[in-house]
file query-v3.csv (CSV, C-alpha atoms and all ligand atoms)
chain,number,residue,atom,x,y,z
F,1,MET,CA,-30.3,51.7,-48.7
F,2,LYS,CA,-30.2,51.1,-44.9
F,3,ASN,CA,-27.4,48.8,-43.5
F,4,LYS,CA,-28.2,45.4,-42.2
F,5,LYS,CA,-29.1,45.6,-38.5
F,6,ILE,CA,-26.3,44.9,-36.1
F,7,TYR,CA,-27.8,43.8,-32.8
F,8,PHE,CA,-26.1,44.3,-29.4
F,9,GLU,CA,-26.3,40.7,-28.5
F,10,ASN,CA,-28.2,37.8,-30.2
F,11,LEU,CA,-28.2,34.9,-27.7
F,12,ASN,CA,-30.0,32.6,-30.2
F,13,LYS,CA,-27.0,33.0,-32.5
F,14,SER,CA,-24.3,33.1,-29.8
F,15,ASN,CA,-25.6,29.9,-28.2
F,16,LYS,CA,-26.2,28.0,-31.5
F,17,TYR,CA,-22.7,26.5,-31.3
F,18,PHE,CA,-23.3,25.0,-27.9
F,19,PHE,CA,-26.9,23.9,-28.5
F,20,ASN,CA,-25.7,21.2,-30.9
F,21,GLU,CA,-23.8,19.4,-28.1
F,22,PHE,CA,-26.6,20.2,-25.6
F,23,LYS,CA,-29.2,18.5,-27.8
F,24,LYS,CA,-27.0,15.5,-28.4
F,25,LYS,CA,-26.6,14.9,-24.7
F,26,LEU,CA,-30.2,15.8,-23.7
F,27,LEU,CA,-31.5,12.3,-23.8
F,28,LYS,CA,-28.9,11.2,-21.3
F,29,PHE,CA,-29.9,14.1,-19.0
F,30,GLU,CA,-33.6,13.3,-19.5
F,31,LYS,CA,-33.1,9.7,-18.4
F,32,LYS,CA,-31.4,10.7,-15.2
F,33,GLY,CA,-34.5,12.5,-14.0
F,34,GLN,CA,-32.7,14.5,-11.4
F,35,TYR,CA,-33.1,18.3,-11.6
F,36,ILE,CA,-31.7,19.7,-8.4
F,37,LEU,CA,-28.4,19.1,-6.5
F,38,GLY,CA,-27.3,16.2,-8.7
F,39,LYS,CA,-24.2,15.0,-10.6
F,40,GLU,CA,-24.3,17.7,-13.2
F,41,LEU,CA,-23.9,20.4,-10.5
F,42,ILE,CA,-21.2,18.5,-8.8
F,43,ASN,CA,-19.4,18.1,-12.1
F,44,PHE,CA,-19.7,21.7,-12.9
F,45,GLU,CA,-18.6,22.8,-9.4
F,46,ASN,CA,-15.5,20.6,-9.7
F,47,ASN,CA,-14.7,21.7,-13.3
F,48,PHE,CA,-15.2,25.4,-12.5
F,49,ALA,CA,-13.1,25.3,-9.3
F,50,LYS,CA,-10.3,23.7,-11.3
F,51,TYR,CA,-10.6,26.2,-14.1
F,52,ILE,CA,-10.4,29.2,-11.7
F,53,ASN,CA,-7.8,27.4,-9.5
F,54,LYS,CA,-9.8,27.5,-6.2
F,55,ASN,CA,-10.4,24.5,-4.0
F,56,TYR,CA,-14.2,24.7,-3.8
F,57,CYS,CA,-17.1,26.0,-5.9
F,58,ILE,CA,-20.8,26.2,-4.8
F,59,GLY,CA,-23.4,26.7,-7.5
F,60,VAL,CA,-26.1,29.2,-6.6
F,61,GLY,CA,-29.2,30.7,-8.2
F,62,ASN,CA,-27.7,34.0,-9.6
F,63,GLY,CA,-24.9,36.5,-9.2
F,64,LEU,CA,-26.7,38.6,-6.6
F,65,ASP,CA,-27.3,35.6,-4.4
F,66,ALA,CA,-23.7,34.6,-4.8
F,67,LEU,CA,-22.6,38.0,-3.5
F,68,THR,CA,-25.2,38.1,-0.7
F,69,ILE,CA,-24.5,34.6,0.6
F,70,ALA,CA,-20.7,35.1,0.3
F,71,LEU,CA,-21.0,38.3,2.5
F,72,GLN,CA,-23.3,36.6,5.0
F,73,SER,CA,-21.0,33.7,5.3
F,74,LEU,CA,-18.3,35.9,6.7
F,75,ASN,CA,-20.3,36.5,9.9
F,76,LEU,CA,-19.4,40.2,10.0
F,77,PRO,CA,-20.8,42.5,12.7
F,78,GLN,CA,-24.0,44.3,11.6
F,79,SER,CA,-23.3,47.6,9.7
F,80,SER,CA,-19.7,46.7,9.0
F,81,GLU,CA,-18.4,48.7,6.1
F,82,VAL,CA,-17.6,47.1,2.7
F,83,ILE,CA,-15.6,49.2,0.2
F,84,VAL,CA,-16.9,49.0,-3.4
F,85,ALA,CA,-16.4,51.1,-6.5
F,86,SER,CA,-18.9,54.0,-6.9
F,87,ASN,CA,-19.5,52.9,-10.6
F,88,ALA,CA,-20.1,49.2,-9.8
F,89,TYR,CA,-23.3,47.4,-10.8
F,90,ILE,CA,-26.3,47.9,-8.5
F,91,ALA,CA,-26.3,44.2,-7.5
F,92,CYS,CA,-22.9,44.8,-5.7
F,93,LEU,CA,-24.5,47.4,-3.5
F,94,ILE,CA,-27.7,45.5,-3.0
F,95,SER,CA,-25.8,42.4,-1.9
F,96,ILE,CA,-24.0,44.5,0.8
F,97,LYS,CA,-27.4,45.9,2.0
F,98,ASN,CA,-29.0,42.5,2.0
F,99,ALA,CA,-26.2,41.2,4.2
F,100,ASN,CA,-27.0,44.1,6.7
F,101,LEU,CA,-23.6,45.7,5.9
F,102,LYS,CA,-22.8,49.2,4.7
F,103,PRO,CA,-21.4,50.0,1.3
F,104,VAL,CA,-18.6,52.6,1.3
F,105,LEU,CA,-18.0,54.0,-2.2
F,106,VAL,CA,-14.6,54.7,-3.6
F,107,GLU,CA,-14.2,56.3,-7.0
F,108,PRO,CA,-12.9,54.2,-9.9
F,109,ASN,CA,-9.9,55.1,-12.0
F,110,ILE,CA,-11.1,57.0,-15.1
F,111,SER,CA,-9.0,54.9,-17.5
F,112,THR,CA,-9.6,51.4,-16.1
F,113,TYR,CA,-13.1,51.8,-14.6
F,114,ASN,CA,-12.0,49.8,-11.7
F,115,LEU,CA,-11.4,50.8,-8.0
F,116,ASP,CA,-8.8,53.5,-7.8
F,117,THR,CA,-6.4,51.8,-5.4
F,118,ASP,CA,-4.8,55.1,-4.3
F,119,LEU,CA,-8.1,56.2,-2.8
F,120,ILE,CA,-9.0,53.1,-0.8
F,121,GLU,CA,-7.0,53.5,2.3
F,122,ASN,CA,-8.5,57.0,3.0
F,123,LYS,CA,-11.9,55.3,3.3
F,124,ILE,CA,-10.8,52.6,5.7
F,125,THR,CA,-12.2,52.9,9.3
F,126,LYS,CA,-12.4,50.6,12.3
F,127,LYS,CA,-15.7,49.4,10.8
F,128,THR,CA,-14.2,48.4,7.5
F,129,LYS,CA,-14.3,44.6,7.2
F,130,ALA,CA,-14.0,43.9,3.5
F,131,ILE,CA,-13.2,45.2,0.0
F,132,MET,CA,-15.4,44.0,-2.9
F,133,ALA,CA,-13.3,44.1,-6.1
F,134,VAL,CA,-15.5,44.2,-9.1
F,135,HIS,CA,-13.6,43.5,-12.4
F,136,MET,CA,-15.6,45.9,-14.5
F,137,TYR,CA,-16.3,45.1,-18.1
F,138,GLY,CA,-13.9,42.1,-18.0
F,139,LYS,CA,-10.8,44.0,-17.0
F,140,PRO,CA,-9.0,42.8,-13.9
F,141,CYS,CA,-8.7,45.1,-11.0
F,142,ASP,CA,-5.2,45.9,-9.6
F,143,MET,CA,-5.2,42.8,-7.4
F,144,LYS,CA,-1.7,43.1,-6.2
F,145,LYS,CA,-2.4,46.4,-4.5
F,146,ILE,CA,-5.8,45.4,-3.3
F,147,GLN,CA,-4.5,42.2,-1.8
F,148,LYS,CA,-1.8,44.2,0.0
F,149,ILE,CA,-4.3,46.7,1.4
F,150,CYS,CA,-6.5,43.8,2.7
F,151,LYS,CA,-3.6,42.1,4.3
F,152,LYS,CA,-2.3,45.2,5.9
F,153,ASN,CA,-5.7,46.1,7.3
F,154,LYS,CA,-6.7,42.5,8.1
F,155,ILE,CA,-9.9,42.7,6.1
F,156,PHE,CA,-11.6,40.3,3.7
F,157,LEU,CA,-11.3,40.4,0.0
F,158,ILE,CA,-14.4,39.5,-2.1
F,159,GLU,CA,-14.1,39.4,-5.8
F,160,ASP,CA,-17.1,40.0,-8.1
F,161,CYS,CA,-16.2,38.2,-11.4
F,162,ALA,CA,-19.6,38.5,-12.9
F,163,GLN,CA,-18.0,40.3,-15.9
F,164,SER,CA,-14.6,38.6,-15.9
F,165,HIS,CA,-14.9,34.9,-16.5
F,166,GLY,CA,-11.4,33.7,-17.6
F,167,ALA,CA,-9.7,37.1,-17.3
F,168,ASN,CA,-6.3,37.0,-15.7
F,169,ILE,CA,-3.3,38.9,-14.4
F,170,ASN,CA,0.1,37.3,-15.4
F,171,GLY,CA,-1.9,34.1,-16.0
F,172,LYS,CA,-3.6,34.1,-12.5
F,173,LYS,CA,-7.3,34.1,-13.1
F,174,THR,CA,-9.7,36.6,-11.5
F,175,GLY,CA,-11.6,34.7,-8.9
F,176,SER,CA,-8.5,33.1,-7.6
F,177,PHE,CA,-7.4,36.1,-5.5
F,178,GLY,CA,-10.3,36.6,-3.0
F,179,ASP,CA,-11.2,35.0,0.2
F,180,VAL,CA,-14.6,34.4,-1.4
F,181,THR,CA,-15.3,35.1,-5.0
F,182,CYS,CA,-18.5,35.3,-6.9
F,183,PHE,CA,-19.7,34.8,-10.4
F,184,SER,CA,-23.0,35.3,-12.4
F,185,PHE,CA,-23.9,33.1,-15.3
F,186,TYR,CA,-26.6,35.5,-16.5
F,187,PRO,CA,-27.2,34.6,-20.2
F,188,THR,CA,-25.3,37.5,-21.7
F,189,LYS,CA,-22.1,36.8,-19.6
F,190,ASN,CA,-19.0,35.4,-21.3
F,191,LEU,CA,-19.9,32.1,-19.5
F,192,GLY,CA,-23.7,32.5,-19.6
F,193,CYS,CA,-26.3,29.8,-19.0
F,194,LEU,CA,-29.9,29.4,-20.2
F,195,GLY,CA,-31.5,31.5,-17.4
F,196,ASP,CA,-30.2,32.6,-14.0
F,197,GLY,CA,-27.2,31.1,-12.4
F,198,GLY,CA,-24.2,31.9,-10.2
F,199,ALA,CA,-21.4,30.5,-8.2
F,200,ILE,CA,-19.2,31.2,-5.1
F,201,LEU,CA,-15.6,29.9,-4.9
F,202,CYS,CA,-13.3,29.7,-1.9
F,203,ASN,CA,-10.3,27.8,-0.6
F,204,ASN,CA,-11.3,27.4,3.0
F,205,LYS,CA,-13.1,24.2,3.9
F,206,ASN,CA,-15.1,25.8,6.8
F,207,TYR,CA,-16.5,28.5,4.4
F,208,PHE,CA,-17.2,25.9,1.8
F,209,ASP,CA,-19.3,23.8,4.3
F,210,ARG,CA,-21.2,26.9,5.5
F,211,LEU,CA,-21.8,28.2,2.0
F,212,ARG,CA,-23.1,24.9,0.8
F,213,MET,CA,-25.6,24.8,3.6
F,214,MET,CA,-26.6,28.5,3.2
F,215,ARG,CA,-27.7,28.0,-0.4
F,216,ASN,CA,-29.9,25.1,0.7
F,217,TYR,CA,-32.1,26.1,3.7
F,218,GLY,CA,-29.0,26.0,6.0
F,219,SER,CA,-29.0,22.3,5.6
F,220,ILE,CA,-26.6,19.6,4.5
F,221,LYS,CA,-28.6,16.7,5.8
F,222,LYS,CA,-32.2,16.5,4.6
F,223,TYR,CA,-34.6,18.1,7.1
F,224,TYR,CA,-31.8,19.2,9.4
F,225,ASN,CA,-31.3,22.9,9.3
F,226,ASP,CA,-28.3,24.5,11.0
F,227,TYR,CA,-28.5,28.0,9.6
F,228,ASP,CA,-31.2,30.4,8.5
F,229,GLY,CA,-30.1,29.8,4.9
F,230,GLN,CA,-32.0,30.4,1.7
F,231,ASN,CA,-33.0,28.4,-1.3
F,232,SER,CA,-30.6,29.4,-4.1
F,233,ARG,CA,-29.3,26.4,-6.0
F,234,LEU,CA,-27.8,26.2,-9.5
F,235,ASP,CA,-30.3,23.9,-11.3
F,236,GLU,CA,-29.0,20.7,-12.9
F,237,ILE,CA,-30.1,21.8,-16.4
F,238,GLN,CA,-28.0,25.0,-16.0
F,239,ALA,CA,-25.0,23.1,-14.7
F,240,PHE,CA,-25.4,20.7,-17.7
F,241,PHE,CA,-25.3,23.6,-20.2
F,242,LEU,CA,-22.4,25.3,-18.3
F,243,ASN,CA,-20.4,22.1,-18.4
F,244,ILE,CA,-20.6,22.1,-22.1
F,245,LYS,CA,-20.0,25.9,-22.5
F,246,LEU,CA,-17.1,26.0,-20.0
F,247,LYS,CA,-15.0,23.8,-22.5
F,248,HIS,CA,-15.4,26.6,-25.0
F,249,LEU,CA,-14.9,29.6,-22.7
F,250,GLU,CA,-11.3,30.3,-23.9
F,251,LYS,CA,-12.6,30.3,-27.5
F,252,ILE,CA,-15.4,32.7,-26.6
F,253,ASN,CA,-13.1,35.0,-24.8
F,254,ASN,CA,-10.4,35.0,-27.5
F,255,HIS,CA,-13.1,35.8,-30.1
F,256,LYS,CA,-14.2,38.8,-28.1
F,257,ILE,CA,-10.5,39.9,-27.6
F,258,GLN,CA,-9.9,39.8,-31.4
F,259,LEU,CA,-13.0,42.0,-31.9
F,260,ALA,CA,-11.8,44.4,-29.3
F,261,LYS,CA,-8.5,44.7,-31.0
F,262,ILE,CA,-10.2,45.6,-34.2
F,263,TYR,CA,-12.1,48.4,-32.4
F,264,ASN,CA,-9.0,49.6,-30.6
F,265,LYS,CA,-6.8,49.6,-33.8
F,266,ASN,CA,-9.3,51.2,-36.2
F,267,LEU,CA,-11.5,53.6,-34.2
F,268,ASN,CA,-10.2,57.2,-34.5
F,269,ASN,CA,-9.1,59.2,-31.5
F,270,ASN,CA,-12.4,61.1,-31.1
F,271,PHE,CA,-13.4,58.1,-28.9
F,272,ILE,CA,-11.8,57.2,-25.6
F,273,LYS,CA,-11.0,53.5,-25.9
F,274,PRO,CA,-10.4,50.8,-23.3
F,275,ILE,CA,-6.8,50.3,-22.1
F,276,ILE,CA,-5.3,46.8,-22.6
F,277,ASN,CA,-2.3,46.1,-20.3
F,278,LEU,CA,0.2,43.6,-21.6
F,279,ASN,CA,0.4,41.6,-18.3
F,280,GLU,CA,-3.4,41.0,-18.2
F,281,LYS,CA,-6.1,39.2,-20.1
F,282,HIS,CA,-9.1,41.6,-20.4
F,283,VAL,CA,-12.0,39.4,-21.6
F,284,PHE,CA,-14.3,42.2,-22.8
F,285,HIS,CA,-17.6,41.2,-21.4
F,286,ILE,CA,-18.3,44.7,-22.5
F,287,TYR,CA,-16.4,46.9,-25.0
F,288,ASN,CA,-17.1,50.5,-24.0
F,289,ILE,CA,-16.0,53.8,-25.5
F,290,ARG,CA,-16.5,57.2,-24.1
F,291,HIS,CA,-17.6,60.3,-25.9
F,292,PRO,CA,-18.9,63.7,-24.6
F,293,LYS,CA,-21.9,63.5,-26.9
F,294,ARG,CA,-22.7,60.0,-26.0
F,295,ASP,CA,-26.5,60.2,-26.4
F,296,MET,CA,-26.2,61.9,-29.8
F,297,LEU,CA,-23.7,59.2,-30.8
F,298,ARG,CA,-26.1,56.5,-29.6
F,299,SER,CA,-29.0,57.9,-31.7
F,300,TYR,CA,-26.7,58.3,-34.7
F,301,LEU,CA,-25.7,54.6,-34.4
F,302,LEU,CA,-29.3,53.5,-34.0
F,303,LYS,CA,-30.2,55.5,-37.2
F,304,ASN,CA,-27.5,53.4,-38.9
F,305,ASN,CA,-29.1,50.2,-37.6
F,306,ILE,CA,-26.4,49.6,-34.9
F,307,ASN,CA,-27.7,48.8,-31.4
F,308,THR,CA,-25.7,49.7,-28.3
F,309,GLU,CA,-26.2,49.7,-24.6
F,310,ILE,CA,-25.1,51.8,-21.6
F,311,HIS,CA,-23.4,50.2,-18.6
F,312,TYR,CA,-24.7,52.0,-16.7
F,313,PRO,CA,-26.9,55.1,-17.3
F,314,ILE,CA,-27.4,55.9,-13.6
F,315,PRO,CA,-24.7,55.6,-10.9
F,316,PRO,CA,-25.8,53.4,-8.0
F,317,TYR,CA,-25.6,56.2,-5.4
F,318,LYS,CA,-28.2,58.1,-7.5
F,319,GLN,CA,-30.6,55.2,-7.5
F,320,LYS,CA,-33.7,55.8,-5.4
F,321,VAL,CA,-32.9,52.7,-3.2
F,322,PHE,CA,-29.6,54.3,-2.1
F,323,SER,CA,-30.1,58.0,-2.6
F,324,LYS,CA,-30.9,58.7,1.1
F,325,ASN,CA,-28.0,56.6,2.5
F,326,LEU,CA,-25.2,57.2,0.1
F,327,LYS,CA,-24.1,60.8,0.4
F,328,GLY,CA,-21.1,62.3,-1.2
F,329,LYS,CA,-19.8,63.4,-4.5
F,330,PHE,CA,-18.5,61.0,-7.1
F,331,PRO,CA,-17.4,63.1,-10.1
F,332,ILE,CA,-15.4,60.3,-11.8
F,333,SER,CA,-18.3,58.0,-11.7
F,334,ASP,CA,-20.7,60.7,-12.9
F,335,GLU,CA,-18.4,61.3,-15.9
F,336,ILE,CA,-18.3,57.6,-16.8
F,337,HIS,CA,-22.1,57.2,-16.5
F,338,LYS,CA,-22.6,60.3,-18.6
F,339,THR,CA,-20.2,59.4,-21.4
F,340,THR,CA,-19.9,55.6,-21.7
F,341,LEU,CA,-21.3,53.6,-24.5
F,342,SER,CA,-21.1,49.8,-24.9
F,343,LEU,CA,-20.6,48.6,-28.5
F,344,PRO,CA,-21.6,45.2,-29.9
F,345,ILE,CA,-19.1,42.5,-29.0
F,346,SER,CA,-20.3,39.0,-28.7
F,347,TYR,CA,-19.5,35.4,-29.8
F,348,SER,CA,-21.8,35.8,-32.8
F,349,HIS,CA,-20.4,39.1,-34.1
F,350,SER,CA,-18.0,38.8,-37.0
F,351,LYS,CA,-14.9,40.9,-37.8
F,352,LYS,CA,-17.0,42.3,-40.7
F,353,ASP,CA,-19.7,43.5,-38.2
F,354,ILE,CA,-17.1,45.3,-36.2
F,355,LEU,CA,-15.4,46.9,-39.2
F,356,LYS,CA,-18.8,48.2,-40.3
F,357,ILE,CA,-19.5,49.7,-36.9
F,358,VAL,CA,-16.0,51.3,-36.9
F,359,GLU,CA,-16.7,52.8,-40.4
F,360,VAL,CA,-20.0,54.3,-39.2
F,361,LEU,CA,-18.4,55.6,-35.9
F,362,ASN,CA,-15.5,57.2,-37.6
F,363,LYS,CA,-17.9,59.3,-39.7
F,364,PHE,CA,-19.6,60.7,-36.6
I,401,LIG,C1,-20.7,43.1,-11.8
I,401,LIG,C2,-21.9,42.4,-11.5
I,401,LIG,N1,-22.2,41.9,-10.3
I,401,LIG,C3,-23.3,41.2,-10.0
I,401,LIG,C4,-24.2,40.9,-11.0
I,401,LIG,C5,-25.5,40.2,-10.7
I,401,LIG,O1,-25.7,39.0,-11.3
I,401,LIG,P1,-27.1,38.4,-11.6
I,401,LIG,O2,-27.8,39.2,-12.6
I,401,LIG,O3,-26.8,37.0,-12.0
I,401,LIG,O4,-27.8,38.4,-10.3
I,401,LIG,C6,-24.0,41.3,-12.3
I,401,LIG,C7,-25.0,41.0,-13.4
I,401,LIG,O5,-25.1,41.7,-14.3
I,401,LIG,C8,-22.8,42.1,-12.6
I,401,LIG,O6,-22.5,42.6,-13.8

call {"tool": "encode", "arguments": {"input": "query-v3.csv", "output": "structure tokens"}}
result
Amino acid sequence: MKNKKIYFENLNKSNKYFFNEFKKKLLKFEKKGQYILGKELINFENNFAKYINKNYCIGVGNGLDALTIALQSLNLPQSSEVIVASNAYIACLISIKNANLKPVLVEPNISTYNLDTDLIENKITKKTKAIMAVHMYGKPCDMKKIQKICKKNKIFLIEDCAQSHGANINGKKTGSFGDVTCFSFYPTKNLGCLGDGGAILCNNKNYFDRLRMMRNYGSIKKYYNDYDGQNSRLDEIQAFFLNIKLKHLEKINNHKIQLAKIYNKNLNNNFIKPIINLNEKHVFHIYNIRHPKRDMLRSYLLKNNINTEIHYPIPPYKQKVFSKNLKGKFPISDEIHKTTLSLPISYSHSKKDILKIVEVLNKF
């Protein structure tokens, strides 16, 4: 008899816990009749800024817009270089392109999947104006070293925390290190909303004022436009849901961490497993393993009714959109893209699910 299907993510099930509170408060929301730039957004921006420990938070339409607007707000000369990991998500590179800047790829560390800090300084030129630190899979980058490099070279630090809501290093949360830091609330994220959503955080009041205007037609006063901004606002209904879910984020993260521990402890050594450092909280947006026969392994799991994903099958520099402009060899990235496999790990998965997956995997 075939095993019960284990999905990669089931948002209906994962969000069930938060929908109860959402439904209870919906009437209050309905009565307010305000859907854009209202009190729910202000509440969420204040709550999230406090949670991350930054002075200001600006809710925007999605994670890509957060990165693009954050980069634009820095007013860098056109074609300035921004250092980013060669295995980062495509949105990171697109945001740099959207802001008329140039991505410069640096290989990740093969064990952490984050920027290899030993390789960064070789890539710094006169045109380098920023480093974008992407906390891949929910594991914090080595922020101490990255901050030191930024300070020494007088360049900006942008954090992409789309996969690391609530992760920390010695208790200091990702998102609290950068000059400007960006989040996505895409539904599958550890803090996901009911559609698209994102946020930018900063400590500097001047940036805050500019960012707030840029997400809203360059305007702070209705019908007065100071910048050629865009329309990218986090909707009231999304902020409303995020306010509810934020209260449970630690619980969501801790659940995922417990599941990751089960994988790490029980999977045999045929699989390369994620590293967990004692001084950090890795929040396992994604739990990946690596295996030389990844595609065969994925088919085998599917035959056993276990769904998986690949983050990501194609490195960004091999994507058509960048293949002409991003030259160079990135063997570490290639190796990751060829061998990585993301296993189910969500708020709705149980310990039993994970033990079942382990049992099947260990027979491969
Ligand atoms: C690392 C990273 N950056 C940026 C984004 C873009 O976020 P969004 O899909 O909300 O535009 C994502 C989304 O998956 C991501 O994982």

call {"tool": "atom_distance", "arguments": {"input": "query-v3.csv", "atom1": "CA of Phe240 (chain F)", "atom2": "CA of Leu11 (chain F)"}}
result
17.6 Å

call {"tool": "residues_near_point", "arguments": {"input": "query-v3.csv", "point": "(-12.0, 29.7, -9.3)", "cutoff": "12 Å", "atoms": "all atoms listed in the file", "output": "number ranges by chain"}}
result
F: 44-59, 159-161, 164-168, 172-183, 199-203

call {"tool": "closest_atom_pairs", "arguments": {"input": "query-v3.csv", "of": "chain F", "to": "ligand LIG 401 (chain I)", "cutoff": "10 Å", "atoms": "only C-alpha atoms and all ligand atoms", "output": "Markdown table"}}
result
| residue | atom | partner | partner_atom | distance |
| --- | --- | --- | --- | --- |
| F:Val60 | CA | I:LIG401 | O3 | 9.5 |
| F:Gly61 | CA | I:LIG401 | O3 | 7.7 |
| F:Asn62 | CA | I:LIG401 | O3 | 3.9 |
| F:Gly63 | CA | I:LIG401 | O1 | 3.4 |
| F:Leu64 | CA | I:LIG401 | O4 | 3.9 |
| F:Asp65 | CA | I:LIG401 | O4 | 6.5 |
| F:Ala66 | CA | I:LIG401 | O4 | 7.8 |
| F:Leu67 | CA | I:LIG401 | C3 | 7.3 |
| F:Thr68 | CA | I:LIG401 | O4 | 10.0 |
| F:Asn87 | CA | I:LIG401 | C1 | 9.9 |
| F:Ala88 | CA | I:LIG401 | C1 | 6.4 |
| F:Tyr89 | CA | I:LIG401 | C1 | 5.1 |
| F:Ile90 | CA | I:LIG401 | N1 | 7.5 |
| F:Ala91 | CA | I:LIG401 | C3 | 4.9 |
| F:Cys92 | CA | I:LIG401 | N1 | 5.5 |
| F:Leu93 | CA | I:LIG401 | N1 | 9.0 |
| F:Ile94 | CA | I:LIG401 | C3 | 9.3 |
| F:Ser95 | CA | I:LIG401 | C3 | 8.6 |
| F:Ala133 | CA | I:LIG401 | C1 | 9.4 |
| F:Val134 | CA | I:LIG401 | C1 | 6.0 |
| F:His135 | CA | I:LIG401 | C1 | 7.1 |
| F:Met136 | CA | I:LIG401 | C1 | 6.4 |
| F:Tyr137 | CA | I:LIG401 | C1 | 7.9 |
| F:Gly138 | CA | I:LIG401 | C1 | 9.3 |
| F:Glu159 | CA | I:LIG401 | N1 | 9.6 |
| F:Asp160 | CA | I:LIG401 | N1 | 5.9 |
| F:Cys161 | CA | I:LIG401 | C1 | 6.7 |
| F:Ala162 | CA | I:LIG401 | C2 | 4.7 |
| F:Gln163 | CA | I:LIG401 | O6 | 5.5 |
| F:Ser164 | CA | I:LIG401 | C1 | 8.6 |
| F:Cys182 | CA | I:LIG401 | C3 | 8.2 |
| F:Phe183 | CA | I:LIG401 | C3 | 7.4 |
| F:Ser184 | CA | I:LIG401 | O3 | 4.2 |
| F:Phe185 | CA | I:LIG401 | O3 | 5.9 |
| F:Tyr186 | CA | I:LIG401 | O3 | 4.7 |
| F:Pro187 | CA | I:LIG401 | O3 | 8.6 |
| F:Thr188 | CA | I:LIG401 | O5 | 8.5 |
| F:Lys189 | CA | I:LIG401 | O5 | 7.8 |
| F:Gly192 | CA | I:LIG401 | O3 | 9.4 |
| F:Gly195 | CA | I:LIG401 | O3 | 9.0 |
| F:Asp196 | CA | I:LIG401 | O3 | 5.9 |
| F:Gly197 | CA | I:LIG401 | O3 | 5.9 |
| F:Gly198 | CA | I:LIG401 | O3 | 6.0 |
| F:Ala199 | CA | I:LIG401 | O3 | 9.3 |
| F:His285 | CA | I:LIG401 | O6 | 9.2 |
| F:Ile286 | CA | I:LIG401 | O6 | 9.9 |
| F:His311 | CA | I:LIG401 | O6 | 9.0 |

call {"tool": "closest_residue", "arguments": {"input": "query-v3.csv", "among": "F:Leu211, F:Lys205, F:Ala130, F:Leu105", "to": "Lys329 (chain F)", "atoms": "all atoms listed in the file"}}
result
F:Leu105

call {"tool": "closest_residue", "arguments": {"input": "query-v3.csv", "among": "F:Thr125, F:Ser350, F:Leu26, F:Pro315", "to": "Phe330 (chain F)", "atoms": "all atoms listed in the file"}}
result
F:Pro315

call {"tool": "residues_around", "arguments": {"input": "query-v3.csv", "residues": "region 107-122 of chain F", "least_positions_apart": "4", "cutoff": "10 Å", "atoms": "only C-alpha atoms", "output": "tab-separated table (two decimals) with C-alpha atoms, keeping the file's coordinate frame"}}
result
chain	number	residue	atom	x	y	z
F	83	ILE	CA	-15.60	49.20	0.20
F	84	VAL	CA	-16.90	49.00	-3.40
F	85	ALA	CA	-16.40	51.10	-6.50
F	86	SER	CA	-18.90	54.00	-6.90
F	87	ASN	CA	-19.50	52.90	-10.60
F	88	ALA	CA	-20.10	49.20	-9.80
F	131	ILE	CA	-13.20	45.20	0.00
F	132	MET	CA	-15.40	44.00	-2.90
F	133	ALA	CA	-13.30	44.10	-6.10
F	134	VAL	CA	-15.50	44.20	-9.10
F	135	HIS	CA	-13.60	43.50	-12.40
F	136	MET	CA	-15.60	45.90	-14.50
F	137	TYR	CA	-16.30	45.10	-18.10
F	139	LYS	CA	-10.80	44.00	-17.00
F	140	PRO	CA	-9.00	42.80	-13.90
F	141	CYS	CA	-8.70	45.10	-11.00
F	142	ASP	CA	-5.20	45.90	-9.60
F	143	MET	CA	-5.20	42.80	-7.40
F	144	LYS	CA	-1.70	43.10	-6.20
F	145	LYS	CA	-2.40	46.40	-4.50
F	146	ILE	CA	-5.80	45.40	-3.30
F	149	ILE	CA	-4.30	46.70	1.40
F	150	CYS	CA	-6.50	43.80	2.70
F	153	ASN	CA	-5.70	46.10	7.30
F	272	ILE	CA	-11.80	57.20	-25.60
F	273	LYS	CA	-11.00	53.50	-25.90
F	274	PRO	CA	-10.40	50.80	-23.30
F	275	ILE	CA	-6.80	50.30	-22.10
F	276	ILE	CA	-5.30	46.80	-22.60
F	277	ASN	CA	-2.30	46.10	-20.30
F	329	LYS	CA	-19.80	63.40	-4.50
F	330	PHE	CA	-18.50	61.00	-7.10
F	331	PRO	CA	-17.40	63.10	-10.10
F	332	ILE	CA	-15.40	60.30	-11.80
F	333	SER	CA	-18.30	58.00	-11.70
F	334	ASP	CA	-20.70	60.70	-12.90
F	335	GLU	CA	-18.40	61.30	-15.90
F	336	ILE	CA	-18.30	57.60	-16.80

call {"tool": "residues_near_point", "arguments": {"input": "query-v3.csv", "point": "(-14.9, 42.3, -34.4)", "cutoff": "12 Å", "atoms": "only C-alpha atoms", "output": "PyMOL selection string"}}
result
chain F and resi 6+254-267+284+287+343-358

call {"tool": "atom_distance", "arguments": {"input": "query-v3.csv", "atom1": "CA of Tyr35 (chain F)", "atom2": "CA of Asn15 (chain F)"}}
result
21.6 Å

call {"tool": "atom_distance", "arguments": {"input": "query-v3.csv", "atom1": "CA of Gly328 (chain F)", "atom2": "CA of Lys102 (chain F)"}}
result
14.5 Å

call {"tool": "closest_residue", "arguments": {"input": "query-v3.csv", "among": "F:Ile124, F:Val321, F:Val82, F:Leu301", "to": "Lys363 (chain F)", "atoms": "only C-alpha atoms"}}
result
F:Leu301

call {"tool": "closest_residue", "arguments": {"input": "query-v3.csv", "among": "F:Leu249, F:Phe8, F:Asn279, F:Val104", "to": "Ser342 (chain F)", "atoms": "all atoms listed in the file"}}
result
F:Phe8

call {"tool": "residues_around", "arguments": {"input": "query-v3.csv", "residues": "Phe29 (chain F)", "least_positions_apart": "6", "cutoff": "12 Å", "atoms": "all atoms listed in the file", "output": "list of chain:residue names"}}
result
F:Phe22, F:Lys23, F:Tyr35, F:Gly38, F:Lys39, F:Glu40, F:Glu236, F:Ile237, F:Gln238, F:Ala239, F:Phe240, F:Phe241
